[in-house]
file target-v8.cif (mmCIF, C-alpha atoms)
data_input
loop_
_atom_site.group_PDB
_atom_site.id
_atom_site.type_symbol
_atom_site.label_atom_id
_atom_site.label_comp_id
_atom_site.auth_asym_id
_atom_site.auth_seq_id
_atom_site.Cartn_x
_atom_site.Cartn_y
_atom_site.Cartn_z
ATOM 1 C CA ILE A 1 23.116 -48.081 30.214
ATOM 2 C CA THR A 2 24.943 -47.927 26.862
ATOM 3 C CA ALA A 3 21.821 -49.076 25.040
ATOM 4 C CA LEU A 4 19.467 -46.715 26.877
ATOM 5 C CA ALA A 5 21.753 -43.688 26.535
ATOM 6 C CA ARG A 6 21.339 -43.701 22.751
ATOM 7 C CA VAL A 7 17.920 -42.127 23.136
ATOM 8 C CA PHE A 8 19.559 -38.838 24.146
ATOM 9 C CA SER A 9 20.471 -38.306 20.502
ATOM 10 C CA CYS A 10 16.779 -37.491 20.117
ATOM 11 C CA VAL A 11 16.378 -35.034 23.005
ATOM 12 C CA ASN A 12 15.165 -32.254 20.699
ATOM 13 C CA PRO A 13 12.160 -33.636 18.791
ATOM 14 C CA ASP A 14 11.274 -32.855 15.204
ATOM 15 C CA GLU A 15 8.989 -34.339 12.610
ATOM 16 C CA ASN A 16 11.474 -37.129 11.886
ATOM 17 C CA SER A 17 12.851 -38.023 15.319
ATOM 18 C CA SER A 18 9.962 -38.329 17.772
ATOM 19 C CA VAL A 19 10.419 -41.364 20.030
ATOM 20 C CA LYS A 20 8.135 -43.598 22.057
ATOM 21 C CA PRO A 21 8.672 -46.707 24.218
ATOM 22 C CA GLY A 22 8.930 -49.954 22.301
ATOM 23 C CA TYR A 23 9.351 -53.089 24.371
ATOM 24 C CA LEU A 24 11.588 -51.278 26.837
ATOM 25 C CA SER A 25 9.016 -51.296 29.636
ATOM 26 C CA ILE A 26 8.756 -55.088 29.333
ATOM 27 C CA VAL A 27 12.539 -55.463 29.283
ATOM 28 C CA LEU A 28 12.963 -53.307 32.390
ATOM 29 C CA GLY A 29 9.931 -54.615 34.240
ATOM 30 C CA LEU A 30 10.518 -58.332 33.657
ATOM 31 C CA ILE A 31 14.018 -59.100 32.395
ATOM 32 C CA LEU A 32 15.882 -56.401 34.348
ATOM 33 C CA TYR A 33 13.610 -56.481 37.384
ATOM 34 C CA GLU A 34 16.463 -56.959 39.882
ATOM 35 C CA GLU A 35 18.643 -54.284 38.273
ATOM 36 C CA ILE A 36 16.084 -51.505 38.837
ATOM 37 C CA SER A 37 14.622 -52.718 42.139
ATOM 38 C CA TYR A 38 15.190 -51.598 45.743
ATOM 39 C CA VAL A 39 17.412 -48.635 44.949
ATOM 40 C CA GLY A 40 16.142 -46.813 48.053
ATOM 41 C CA LEU A 41 16.943 -49.775 50.293
ATOM 42 C CA ASN A 42 20.395 -50.279 48.757
ATOM 43 C CA CYS A 43 21.304 -46.617 49.128
ATOM 44 C CA SER A 44 20.006 -46.575 52.697
ATOM 45 C CA MET A 45 22.008 -49.604 53.820
ATOM 46 C CA TYR A 46 25.188 -49.215 51.773
ATOM 47 C CA ILE A 47 25.531 -45.421 51.414
ATOM 48 C CA ARG A 48 23.892 -44.138 54.616
ATOM 49 C CA GLY A 49 24.909 -47.087 56.789
ATOM 50 C CA THR A 50 21.432 -48.174 57.931
ATOM 51 C CA PRO A 51 22.083 -51.405 59.870
ATOM 52 C CA SER A 52 19.146 -53.499 58.628
ATOM 53 C CA ILE A 53 16.059 -53.660 56.435
ATOM 54 C CA ALA A 54 13.893 -53.234 59.539
ATOM 55 C CA ALA A 55 15.771 -50.056 60.457
ATOM 56 C CA HIS A 56 15.299 -48.722 56.927
ATOM 57 C CA THR A 57 11.556 -49.395 57.157
ATOM 58 C CA LEU A 58 11.341 -47.514 60.459
ATOM 59 C CA ILE A 59 13.285 -44.407 59.416
ATOM 60 C CA SER A 60 11.950 -44.101 55.855
ATOM 61 C CA ASN A 61 8.722 -42.389 54.972
ATOM 62 C CA PHE A 62 7.696 -45.206 52.633
ATOM 63 C CA ASP A 63 8.583 -48.863 52.267
ATOM 64 C CA SER A 64 7.514 -49.368 48.656
ATOM 65 C CA ASP A 65 9.899 -49.486 45.692
ATOM 66 C CA TRP A 66 8.756 -46.171 44.236
ATOM 67 C CA PRO A 67 11.703 -45.455 41.878
ATOM 68 C CA ARG A 68 11.023 -48.667 39.954
ATOM 69 C CA LYS A 69 7.287 -48.000 39.903
ATOM 70 C CA ILE A 70 7.777 -44.431 38.672
ATOM 71 C CA VAL A 71 10.001 -45.657 35.820
ATOM 72 C CA LEU A 72 7.472 -48.224 34.634
ATOM 73 C CA ILE A 73 4.469 -45.922 35.118
ATOM 74 C CA GLY A 74 6.254 -43.155 33.202
ATOM 75 C CA MET A 75 6.912 -45.436 30.254
ATOM 76 C CA ALA A 76 3.355 -46.749 30.308
ATOM 77 C CA LEU A 77 1.942 -43.216 30.297
ATOM 78 C CA ALA A 78 4.303 -42.163 27.499
ATOM 79 C CA ALA A 79 3.223 -45.128 25.381
ATOM 80 C CA VAL A 80 -0.466 -44.127 25.451
ATOM 81 C CA GLN A 81 0.053 -40.465 24.530
ATOM 82 C CA ILE A 82 -0.778 -39.066 21.103
ATOM 83 C CA GLN A 83 1.558 -40.482 18.478
ATOM 84 C CA GLY A 84 4.413 -38.060 17.771
ATOM 85 C CA SER A 85 3.407 -35.555 20.462
ATOM 86 C CA ASN A 86 5.935 -33.703 22.598
ATOM 87 C CA LEU A 87 4.355 -35.222 25.705
ATOM 88 C CA GLN A 88 5.060 -38.713 24.444
ATOM 89 C CA HIS A 89 8.583 -37.777 23.358
ATOM 90 C CA TYR A 90 9.678 -36.067 26.557
ATOM 91 C CA GLY A 91 7.858 -38.632 28.692
ATOM 92 C CA THR A 92 9.897 -41.377 27.015
ATOM 93 C CA VAL A 93 13.200 -39.511 27.358
ATOM 94 C CA GLY A 94 12.500 -38.622 31.001
ATOM 95 C CA SER A 95 11.561 -42.199 31.920
ATOM 96 C CA ILE A 96 14.709 -43.542 30.278
ATOM 97 C CA LEU A 97 16.824 -40.958 32.106
ATOM 98 C CA LEU A 98 15.289 -42.031 35.414
ATOM 99 C CA SER A 99 15.879 -45.706 34.614
ATOM 100 C CA ILE A 100 19.560 -44.989 33.877
ATOM 101 C CA LEU A 101 19.885 -43.170 37.206
ATOM 102 C CA VAL A 102 18.235 -46.074 39.041
ATOM 103 C CA ILE A 103 20.561 -48.641 37.447
ATOM 104 C CA ALA A 104 23.610 -46.460 38.152
ATOM 105 C CA ALA A 105 22.508 -45.914 41.764
ATOM 106 C CA ASN A 106 22.116 -49.643 42.333
ATOM 107 C CA LEU A 107 25.567 -50.294 40.875
ATOM 108 C CA GLY A 108 27.071 -47.386 42.818
ATOM 109 C CA SER A 109 25.599 -48.366 46.169
ATOM 110 C CA ARG A 110 26.979 -51.904 45.835
ATOM 111 C CA ALA A 111 30.334 -50.555 44.656
ATOM 112 C CA TRP A 112 30.392 -48.278 47.715
ATOM 113 C CA LYS A 113 29.982 -51.313 49.956
ATOM 114 C CA PHE A 114 32.494 -53.531 48.132
ATOM 115 C CA MET A 115 35.144 -50.781 48.136
ATOM 116 C CA LYS A 116 34.492 -50.409 51.899
ATOM 117 C CA TRP A 117 33.947 -46.660 51.899
ATOM 118 C CA LYS A 118 32.565 -44.974 54.988
ATOM 119 C CA PRO A 119 28.819 -44.169 55.097
ATOM 120 C CA VAL A 120 27.683 -40.611 54.520
ATOM 121 C CA ASP A 121 25.547 -38.599 56.952
ATOM 122 C CA ASN A 122 22.440 -40.569 57.910
ATOM 123 C CA GLY A 123 20.278 -37.632 59.010
ATOM 124 C CA GLY A 124 18.169 -34.937 57.399
ATOM 125 C CA LEU A 125 15.055 -34.900 55.281
ATOM 126 C CA ILE A 126 17.000 -34.877 52.025
ATOM 127 C CA ALA A 127 19.355 -37.693 53.092
ATOM 128 C CA PRO A 128 17.617 -40.266 50.829
ATOM 129 C CA LEU A 129 17.981 -37.989 47.792
ATOM 130 C CA VAL A 130 21.598 -37.215 48.657
ATOM 131 C CA SER A 131 22.393 -40.923 49.019
ATOM 132 C CA ILE A 132 20.809 -41.702 45.638
ATOM 133 C CA PHE A 133 22.788 -38.889 44.006
ATOM 134 C CA VAL A 134 26.029 -40.120 45.597
ATOM 135 C CA ALA A 135 25.276 -43.703 44.595
ATOM 136 C CA ALA A 136 24.456 -42.761 40.986
ATOM 137 C CA THR A 137 27.664 -40.715 40.699
ATOM 138 C CA THR A 138 29.669 -43.641 42.050
ATOM 139 C CA GLY A 139 27.881 -45.967 39.633
ATOM 140 C CA PHE A 140 28.816 -43.841 36.634
ATOM 141 C CA ILE A 141 32.485 -43.743 37.718
ATOM 142 C CA PHE A 142 32.891 -47.317 39.013
ATOM 143 C CA PRO A 143 30.114 -49.356 37.321
ATOM 144 C CA TYR A 144 31.972 -52.678 37.237
ATOM 145 C CA MET A 145 32.711 -52.492 40.977
ATOM 146 C CA GLY A 146 29.029 -53.141 41.702
ATOM 147 C CA PHE A 147 29.206 -56.814 40.723
ATOM 148 C CA GLY A 148 29.157 -59.199 43.671
ATOM 149 C CA LYS A 149 32.097 -61.308 42.466
ATOM 150 C CA ILE A 150 34.351 -58.251 42.728
ATOM 151 C CA GLN A 151 34.680 -59.121 46.437
ATOM 152 C CA ALA A 152 37.068 -61.929 45.498
ATOM 153 C CA GLY A 153 39.733 -59.244 45.086
ATOM 154 C CA GLY A 154 43.143 -59.542 43.507
ATOM 155 C CA LYS A 155 43.520 -61.134 40.103
ATOM 156 C CA ALA A 156 39.949 -62.463 40.041
ATOM 157 C CA ALA A 157 38.539 -58.931 40.467
ATOM 158 C CA VAL A 158 40.660 -57.561 37.616
ATOM 159 C CA GLN A 159 39.582 -60.441 35.379
ATOM 160 C CA LEU A 160 35.945 -59.725 36.218
ATOM 161 C CA VAL A 161 36.327 -56.089 35.125
ATOM 162 C CA ILE A 162 38.026 -57.106 31.869
ATOM 163 C CA TYR A 163 35.450 -59.765 30.991
ATOM 164 C CA ASN A 164 32.517 -57.468 31.752
ATOM 165 C CA SER A 165 34.063 -54.620 29.749
ATOM 166 C CA ILE A 166 34.238 -56.962 26.748
ATOM 167 C CA ILE A 167 30.532 -57.717 27.175
ATOM 168 C CA VAL A 168 29.740 -53.996 27.433
ATOM 169 C CA ALA A 169 31.769 -53.286 24.277
ATOM 170 C CA PHE A 170 29.785 -55.999 22.470
ATOM 171 C CA MET A 171 26.499 -54.549 23.714
ATOM 172 C CA PHE A 172 27.658 -51.087 22.660
ATOM 173 C CA VAL A 173 28.131 -52.296 19.074
ATOM 174 C CA ILE A 174 24.845 -54.241 19.071
ATOM 175 C CA SER A 175 22.908 -51.262 20.418
ATOM 176 C CA ASP A 176 23.934 -49.228 17.381
ATOM 177 C CA PHE A 177 21.883 -51.457 15.068
ATOM 178 C CA ASP A 178 18.606 -49.898 13.948
ATOM 179 C CA ALA A 179 16.646 -53.068 14.699
ATOM 180 C CA VAL A 180 17.807 -53.082 18.333
ATOM 181 C CA GLN A 181 17.069 -49.395 18.838
ATOM 182 C CA ASN A 182 13.647 -49.750 17.228
ATOM 183 C CA PHE A 183 12.899 -52.733 19.485
ATOM 184 C CA LEU A 184 13.665 -50.767 22.661
ATOM 185 C CA VAL A 185 12.722 -47.184 21.768
ATOM 186 C CA VAL A 186 10.793 -46.631 18.550
ATOM 187 C CA GLY A 187 12.190 -43.703 16.589
ATOM 188 C CA SER A 188 15.647 -43.548 18.164
ATOM 189 C CA GLU A 189 17.157 -45.269 15.119
ATOM 190 C CA THR A 190 16.418 -42.182 12.993
ATOM 191 C CA CYS A 191 18.496 -39.829 15.190
ATOM 192 C CA ASN A 192 22.099 -38.820 14.630
ATOM 193 C CA GLN A 193 24.225 -40.973 16.972
ATOM 194 C CA ASP A 194 27.609 -39.309 16.314
ATOM 195 C CA MET A 195 27.800 -37.228 19.488
ATOM 196 C CA THR A 196 26.363 -40.104 21.530
ATOM 197 C CA ASN A 197 29.092 -42.409 20.228
ATOM 198 C CA ILE A 198 31.750 -39.888 21.228
ATOM 199 C CA VAL A 199 30.383 -39.551 24.773
ATOM 200 C CA LEU A 200 29.765 -43.280 25.282
ATOM 201 C CA GLY A 201 33.158 -44.213 23.845
ATOM 202 C CA SER A 202 34.905 -41.793 26.188
ATOM 203 C CA TRP A 203 32.850 -42.998 29.161
ATOM 204 C CA PHE A 204 33.574 -46.659 28.326
ATOM 205 C CA THR A 205 37.337 -46.090 28.243
ATOM 206 C CA PHE A 206 37.265 -44.002 31.433
ATOM 207 C CA THR A 207 35.267 -46.546 33.457
ATOM 208 C CA VAL A 208 37.413 -49.500 32.388
ATOM 209 C CA ILE A 209 40.547 -47.732 33.587
ATOM 210 C CA THR A 210 39.029 -46.518 36.875
ATOM 211 C CA CYS A 211 37.523 -49.921 37.708
ATOM 212 C CA ILE A 212 40.709 -51.874 36.958
ATOM 213 C CA PHE A 213 42.718 -49.678 39.316
ATOM 214 C CA ALA A 214 39.923 -49.803 41.913
ATOM 215 C CA ALA A 215 39.801 -53.613 41.632
ATOM 216 C CA LEU A 216 43.501 -53.784 42.448
ATOM 217 C CA LYS A 217 42.741 -52.283 45.862
ATOM 218 C CA ILE A 218 40.131 -54.913 46.738
ATOM 219 C CA GLU A 219 41.807 -57.286 49.174
ATOM 220 C CA PRO A 220 40.902 -60.986 49.001
ATOM 221 C CA PRO A 221 38.787 -62.080 51.974
ATOM 222 C CA ALA A 222 40.746 -63.318 54.963
ATOM 223 C CA PRO A 223 40.308 -66.938 56.075
ATOM 224 C CA HIS A 224 37.451 -67.516 58.482
ATOM 225 C CA PRO A 225 38.753 -67.494 62.077
ATOM 226 C CA ASP A 226 38.390 -70.588 64.177
ATOM 227 C CA ASP A 227 35.295 -70.440 66.339
ATOM 228 C CA ASP A 228 35.105 -71.893 69.822
ATOM 229 C CA ASP A 229 32.034 -73.946 68.984
ATOM 230 C CA ARG A 230 33.708 -75.308 65.854
ATOM 231 C CA ILE A 231 30.816 -74.579 63.510
ATOM 232 C CA LEU A 232 33.376 -74.637 60.703
ATOM 233 C CA VAL A 233 36.512 -76.719 60.504
ATOM 234 C CA GLU A 234 39.385 -76.203 58.108
ATOM 235 C CA ASP A 235 39.415 -78.589 55.142
ATOM 236 C CA GLN A 236 41.675 -78.004 52.141
ATOM 237 C CA THR A 237 39.562 -80.301 49.967
ATOM 238 C CA SER A 238 36.581 -77.960 50.346
ATOM 239 C CA PRO A 239 36.034 -75.363 47.567
ATOM 240 C CA VAL A 240 35.914 -72.620 50.236
ATOM 241 C CA GLY A 241 38.603 -74.029 52.534
ATOM 242 C CA PHE A 242 36.196 -74.947 55.342
ATOM 243 C CA LYS A 243 33.387 -77.401 55.943
ATOM 244 C CA VAL A 244 30.517 -77.827 58.402
ATOM 245 C CA PRO A 245 31.313 -80.943 60.433
ATOM 246 C CA ASN A 246 27.632 -81.729 61.066
ATOM 247 C CA PHE A 247 26.870 -81.996 57.342
ATOM 248 C CA PRO A 248 27.712 -85.139 55.361
ATOM 249 C CA ASP A 249 30.603 -84.862 52.918
ATOM 250 C CA TYR A 250 29.874 -84.692 49.197
ATOM 251 C CA PRO A 251 32.982 -84.962 46.993
ATOM 252 C CA PHE A 252 33.672 -82.405 44.260
ATOM 253 C CA ASP A 253 36.082 -82.713 41.397
ATOM 254 C CA GLN A 254 38.639 -80.001 42.105
ATOM 255 C CA LYS A 255 39.501 -79.713 38.414
ATOM 256 C CA LEU A 256 36.010 -78.384 37.748
ATOM 257 C CA LEU A 257 36.437 -75.671 40.376
ATOM 258 C CA ASN A 258 39.850 -74.351 39.338
ATOM 259 C CA ASP A 259 39.730 -71.396 36.990
ATOM 260 C CA GLU A 260 42.621 -72.004 34.617
ATOM 261 C CA ARG A 261 41.882 -69.078 32.318
ATOM 262 C CA ALA A 262 44.929 -66.944 31.652
ATOM 263 C CA GLU A 263 46.967 -68.789 34.294
ATOM 264 C CA CYS A 264 50.035 -68.314 32.098
ATOM 265 C CA CYS A 265 49.777 -64.524 32.452
ATOM 266 C CA SER A 266 50.743 -62.390 35.394
ATOM 267 C CA LEU A 267 48.400 -59.799 36.863
ATOM 268 C CA ARG A 268 50.307 -56.951 35.214
ATOM 269 C CA THR A 269 50.094 -58.696 31.830
ATOM 270 C CA GLU A 270 46.346 -59.174 32.210
ATOM 271 C CA ILE A 271 45.909 -55.481 33.042
ATOM 272 C CA ILE A 272 47.877 -54.476 29.945
ATOM 273 C CA ILE A 273 45.975 -56.951 27.746
ATOM 274 C CA GLY A 274 42.667 -55.694 29.167
ATOM 275 C CA VAL A 275 43.348 -51.940 29.110
ATOM 276 C CA ILE A 276 44.940 -51.573 25.654
ATOM 277 C CA PRO A 277 42.041 -53.104 23.622
ATOM 278 C CA CYS A 278 39.467 -51.163 25.655
ATOM 279 C CA VAL A 279 41.341 -47.892 25.162
ATOM 280 C CA LEU A 280 41.734 -48.582 21.442
ATOM 281 C CA PHE A 281 38.046 -49.476 21.160
ATOM 282 C CA GLY A 282 36.928 -46.331 22.970
ATOM 283 C CA PHE A 283 39.390 -44.197 21.000
ATOM 284 C CA GLY A 284 38.142 -45.693 17.741
ATOM 285 C CA VAL A 285 34.524 -44.980 18.630
ATOM 286 C CA VAL A 286 35.343 -41.388 19.587
ATOM 287 C CA VAL A 287 37.391 -40.774 16.424
ATOM 288 C CA THR A 288 34.655 -42.277 14.241
ATOM 289 C CA GLY A 289 32.063 -40.038 15.867
ATOM 290 C CA ILE A 290 34.238 -36.947 15.416
ATOM 291 C CA MET A 291 34.827 -37.791 11.747
ATOM 292 C CA GLU A 292 31.076 -38.162 11.211
ATOM 293 C CA VAL A 293 30.440 -34.799 12.866
ATOM 294 C CA VAL A 294 33.119 -33.113 10.735
ATOM 295 C CA SER A 295 31.763 -34.758 7.581
ATOM 296 C CA HIS A 296 28.252 -33.568 8.405
ATOM 297 C CA ALA A 297 29.536 -30.039 9.048
ATOM 298 C CA ASP A 298 31.425 -30.061 5.724
ATOM 299 C CA LYS A 299 28.232 -30.981 3.889
ATOM 300 C CA ILE A 300 26.335 -28.123 5.531
ATOM 301 C CA VAL A 301 29.096 -25.650 4.654
ATOM 302 C CA ALA A 302 29.212 -26.915 1.074
ATOM 303 C CA GLU A 303 25.456 -26.553 0.705
ATOM 304 C CA HIS A 304 25.530 -22.965 2.005
ATOM 305 C CA MET A 305 28.468 -22.060 -0.191
ATOM 306 C CA GLY A 306 26.719 -23.544 -3.203
ATOM 307 C CA GLY A 307 23.563 -21.598 -2.423
ATOM 308 C CA ASP A 308 25.492 -18.353 -2.193
ATOM 309 C CA VAL A 309 27.092 -18.943 -5.577
#

call {"tool": "encode", "arguments": {"input": "target-v8.cif", "output": "structure tokens"}}
result
Amino acid sequence: ITALARVFSCVNPDENSSVKPGYLSIVLGLILYEEISYVGLNCSMYIRGTPSIAAHTLISNFDSDWPRKIVLIGMALAAVQIQGSNLQHYGTVGSILLSILVIAANLGSRAWKFMKWKPVDNGGLIAPLVSIFVAATTGFIFPYMGFGKIQAGGKAAVQLVIYNSIIVAFMFVISDFDAVQNFLVVGSETCNQDMTNIVLGSWFTFTVITCIFAALKIEPPAPHPDDDDRILVEDQTSPVGFKVPNFPDYPFDQKLLNDERAECCSLRTEIIIGVIPCVLFGFGVVVTGIMEVVSHADKIVAEHMGGDV
């Protein structure tokens, strides 16, 4: 999302900032296939509370993954338009906006499930659109809560948010390089990124804080109850605490399964260590963007004042 959002610096086209898809359609269609797939199904099951895939197929008007197809078709159509035309420019920007919404909706729908929120109303013709809007909003506020490992709860969930925020910060810096922007969206490297840096830096800091506090409320899963038919039996040597008695035992080295990272730190210390660098990073990005905007404004004022003299 941080890499794609940089294209919005070029929303208003001119002779020097027209954009077109680079290899972004290949990246989304092949590398990030899972991230943009089945948004309708995820929103139906996690946001609206549809009990199964079969139920979703019965109540929905279509069973194809149209959001993903529309994103890829939009980028393909934008790529074949006249070079530098407004149709190509706005087609590229619109397709990227839709892809960001799809990714956010997938993250938000999973976050909705993992935070165990109640489903919204399941009826009405516009229920699918409402669920996608709700999921995308949740994804923009709690993006890190959409990762499956967040279900571990407790300290492991907080660590997951911190580690992923570090990766996002790294990707944020990398996405500012002209070569990366030109690889994804040709022409975006020529646009002024100051305001984009301010918005993304603020959003990065906000989401890290919201997700860390949300992760604290995720309770670790309770031990599996004993079943009458004894499908599972308790075994402390098992990585998950239980084993299937009908399966042969295969020994694991417990040292390889124990996560000893930051064991010397308490949960509160990890939160402080994780929040402070992220806040400083976001604050630094915002301040840098503001300084660039002020510097640009000073140059414009100086040029006008010089022309008047």

call {"tool": "resolve_selection", "arguments": {"input": "target-v8.cif", "expression": "the PyMOL selection byres ((chain A and resi 21-23) around 9)", "output": "list in words"}}
result
Val19, Lys20, Leu24, Ser25, Ile26, Val27, Leu28, Met75, Ala76, Ala78, Ala79, Gln88, His89, Thr92, Gln181, Asn182, Phe183, Leu184, Val185, Val186 and Gly187 of chain A

call {"tool": "resolve_selection", "arguments": {"input": "target-v8.cif", "expression": "the PyMOL selection byres ((chain A and resi 173) around 12)", "output": "list in words"}}
result
Thr2, Ala3, Arg6, Ile166, Ile167, Val168, Ala169, Phe170, Met171, Phe172, Ile174, Ser175, Asp176, Phe177, Asp178, Val180, Gln181, Asn197, Leu200, Gly201, Phe281, Gly282 and Val285 of chain A

call {"tool": "atom_distance", "arguments": {"input": "target-v8.cif", "atom1": "atom CA of Ile300 of chain A", "atom2": "atom CA of Val93 of chain A"}}
result
27.9 Å

call {"tool": "resolve_selection", "arguments": {"input": "target-v8.cif", "expression": "the PyMOL selection byres ((chain A and resi 42) around 10)", "output": "list in words"}}
result
Ser37, Tyr38, Val39, Gly40, Leu41, Cys43, Ser44, Met45, Tyr46, Ile47, Arg48, Gly49, Thr50, Ile53, His56, Ala105, Asn106, Leu107, Gly108, Ser109, Arg110, Lys113, Ser131, Ile132 and Ala135 of chain A

call {"tool": "closest_residue", "arguments": {"input": "target-v8.cif", "among": "A:Glu234, A:Ile218, A:Leu280, A:Gly154", "to": "Arg268 of chain A", "atoms": "all atoms listed in the file"}}
result
A:Gly154

call {"tool": "atom_distance", "arguments": {"input": "target-v8.cif", "atom1": "atom CA of Ala297 of chain A", "atom2": "atom CA of Cys191 of chain A"}}
result
16.0 Å

call {"tool": "atom_distance", "arguments": {"input": "target-v8.cif", "atom1": "atom CA of Val294 of chain A", "atom2": "atom CA of Thr190 of chain A"}}
result
19.1 Å

call {"tool": "axis_aligned_box", "arguments": {"input": "target-v8.cif", "around": "segment 58-68 of chain A", "padding_each_side": "5 Å", "output": "JSON"}}
result
{"center_x": 10.4, "center_y": -45.9, "center_z": 50.2, "size_x": 15.8, "size_y": 17.1, "size_z": 30.5}

call {"tool": "closest_residue", "arguments": {"input": "target-v8.cif", "among": "A:Gly91, A:Ile100, A:Ile209, A:Ser85", "to": "Pro67 of chain A", "atoms": "only C-alpha atoms"}}
result
A:Ile100

call {"tool": "closest_residue", "arguments": {"input": "target-v8.cif", "among": "A:Ser64, A:Gln159, A:Ser52, A:Gln81", "to": "Glu270 of chain A", "atoms": "only C-alpha atoms"}}
result
A:Gln159

call {"tool": "closest_residue", "arguments": {"input": "target-v8.cif", "among": "A:Ser295, A:Ser266, A:Ser99, A:Thr205", "to": "Leu32 of chain A", "atoms": "all atoms listed in the file"}}
result
A:Ser99

call {"tool": "closest_residue", "arguments": {"input": "target-v8.cif", "among": "A:Gly94, A:Gly274, A:Gly29, A:Gly84", "to": "Leu72 of chain A", "atoms": "only C-alpha atoms"}}
result
A:Gly29

call {"tool": "build_atoms", "arguments": {"input": "target-v8.cif", "residues": "segment 82-100 of chain A", "atoms": "N, CA and C atoms", "output": "PDB file, keeping the file's coordinate frame"}}
result
ATOM      1  N   ILE A  82      -0.536 -39.248  22.527  1.00  0.00           N
ATOM      2  CA  ILE A  82      -0.778 -39.066  21.103  1.00  0.00           C
ATOM      3  C   ILE A  82       0.513 -39.332  20.338  1.00  0.00           C
ATOM      4  N   GLN A  83       0.394 -40.104  19.269  1.00  0.00           N
ATOM      5  CA  GLN A  83       1.558 -40.482  18.478  1.00  0.00           C
ATOM      6  C   GLN A  83       2.295 -39.247  17.957  1.00  0.00           C
ATOM      7  N   GLY A  84       3.595 -39.158  18.257  1.00  0.00           N
ATOM      8  CA  GLY A  84       4.413 -38.060  17.771  1.00  0.00           C
ATOM      9  C   GLY A  84       4.313 -36.786  18.575  1.00  0.00           C
ATOM     10  N   SER A  85       3.567 -36.776  19.668  1.00  0.00           N
ATOM     11  CA  SER A  85       3.407 -35.555  20.462  1.00  0.00           C
ATOM     12  C   SER A  85       4.643 -35.316  21.321  1.00  0.00           C
ATOM     13  N   ASN A  86       4.823 -34.040  21.714  1.00  0.00           N
ATOM     14  CA  ASN A  86       5.935 -33.703  22.598  1.00  0.00           C
ATOM     15  C   ASN A  86       5.804 -34.385  23.954  1.00  0.00           C
ATOM     16  N   LEU A  87       4.569 -34.568  24.421  1.00  0.00           N
ATOM     17  CA  LEU A  87       4.355 -35.222  25.705  1.00  0.00           C
ATOM     18  C   LEU A  87       4.850 -36.665  25.666  1.00  0.00           C
ATOM     19  N   GLN A  88       4.572 -37.345  24.575  1.00  0.00           N
ATOM     20  CA  GLN A  88       5.060 -38.713  24.444  1.00  0.00           C
ATOM     21  C   GLN A  88       6.582 -38.748  24.331  1.00  0.00           C
ATOM     22  N   HIS A  89       7.136 -37.811  23.564  1.00  0.00           N
ATOM     23  CA  HIS A  89       8.583 -37.777  23.358  1.00  0.00           C
ATOM     24  C   HIS A  89       9.322 -37.506  24.654  1.00  0.00           C
ATOM     25  N   TYR A  90       8.967 -36.423  25.338  1.00  0.00           N
ATOM     26  CA  TYR A  90       9.678 -36.067  26.557  1.00  0.00           C
ATOM     27  C   TYR A  90       9.358 -37.027  27.700  1.00  0.00           C
ATOM     28  N   GLY A  91       8.166 -37.610  27.694  1.00  0.00           N
ATOM     29  CA  GLY A  91       7.858 -38.632  28.692  1.00  0.00           C
ATOM     30  C   GLY A  91       8.745 -39.856  28.535  1.00  0.00           C
ATOM     31  N   THR A  92       9.004 -40.242  27.286  1.00  0.00           N
ATOM     32  CA  THR A  92       9.897 -41.377  27.015  1.00  0.00           C
ATOM     33  C   THR A  92      11.325 -41.067  27.429  1.00  0.00           C
ATOM     34  N   VAL A  93      11.818 -39.893  27.025  1.00  0.00           N
ATOM     35  CA  VAL A  93      13.200 -39.511  27.358  1.00  0.00           C
ATOM     36  C   VAL A  93      13.374 -39.390  28.878  1.00  0.00           C
ATOM     37  N   GLY A  94      12.406 -38.771  29.551  1.00  0.00           N
ATOM     38  CA  GLY A  94      12.500 -38.622  31.001  1.00  0.00           C
ATOM     39  C   GLY A  94      12.474 -39.952  31.732  1.00  0.00           C
ATOM     40  N   SER A  95      11.630 -40.877  31.281  1.00  0.00           N
ATOM     41  CA  SER A  95      11.561 -42.199  31.920  1.00  0.00           C
ATOM     42  C   SER A  95      12.855 -42.974  31.728  1.00  0.00           C
ATOM     43  N   ILE A  96      13.439 -42.852  30.537  1.00  0.00           N
ATOM     44  CA  ILE A  96      14.709 -43.542  30.278  1.00  0.00           C
ATOM     45  C   ILE A  96      15.823 -42.931  31.118  1.00  0.00           C
ATOM     46  N   LEU A  97      15.823 -41.608  31.252  1.00  0.00           N
ATOM     47  CA  LEU A  97      16.824 -40.958  32.106  1.00  0.00           C
ATOM     48  C   LEU A  97      16.709 -41.447  33.540  1.00  0.00           C
ATOM     49  N   LEU A  98      15.491 -41.554  34.051  1.00  0.00           N
ATOM     50  CA  LEU A  98      15.289 -42.031  35.414  1.00  0.00           C
ATOM     51  C   LEU A  98      15.730 -43.486  35.558  1.00  0.00           C
ATOM     52  N   SER A  99      15.459 -44.306  34.541  1.00  0.00           N
ATOM     53  CA  SER A  99      15.879 -45.706  34.614  1.00  0.00           C
ATOM     54  C   SER A  99      17.398 -45.828  34.623  1.00  0.00           C
ATOM     55  N   ILE A 100      18.089 -44.979  33.861  1.00  0.00           N
ATOM     56  CA  ILE A 100      19.560 -44.989  33.877  1.00  0.00           C
ATOM     57  C   ILE A 100      20.075 -44.601  35.258  1.00  0.00           C
TER      58      ILE A 100
END
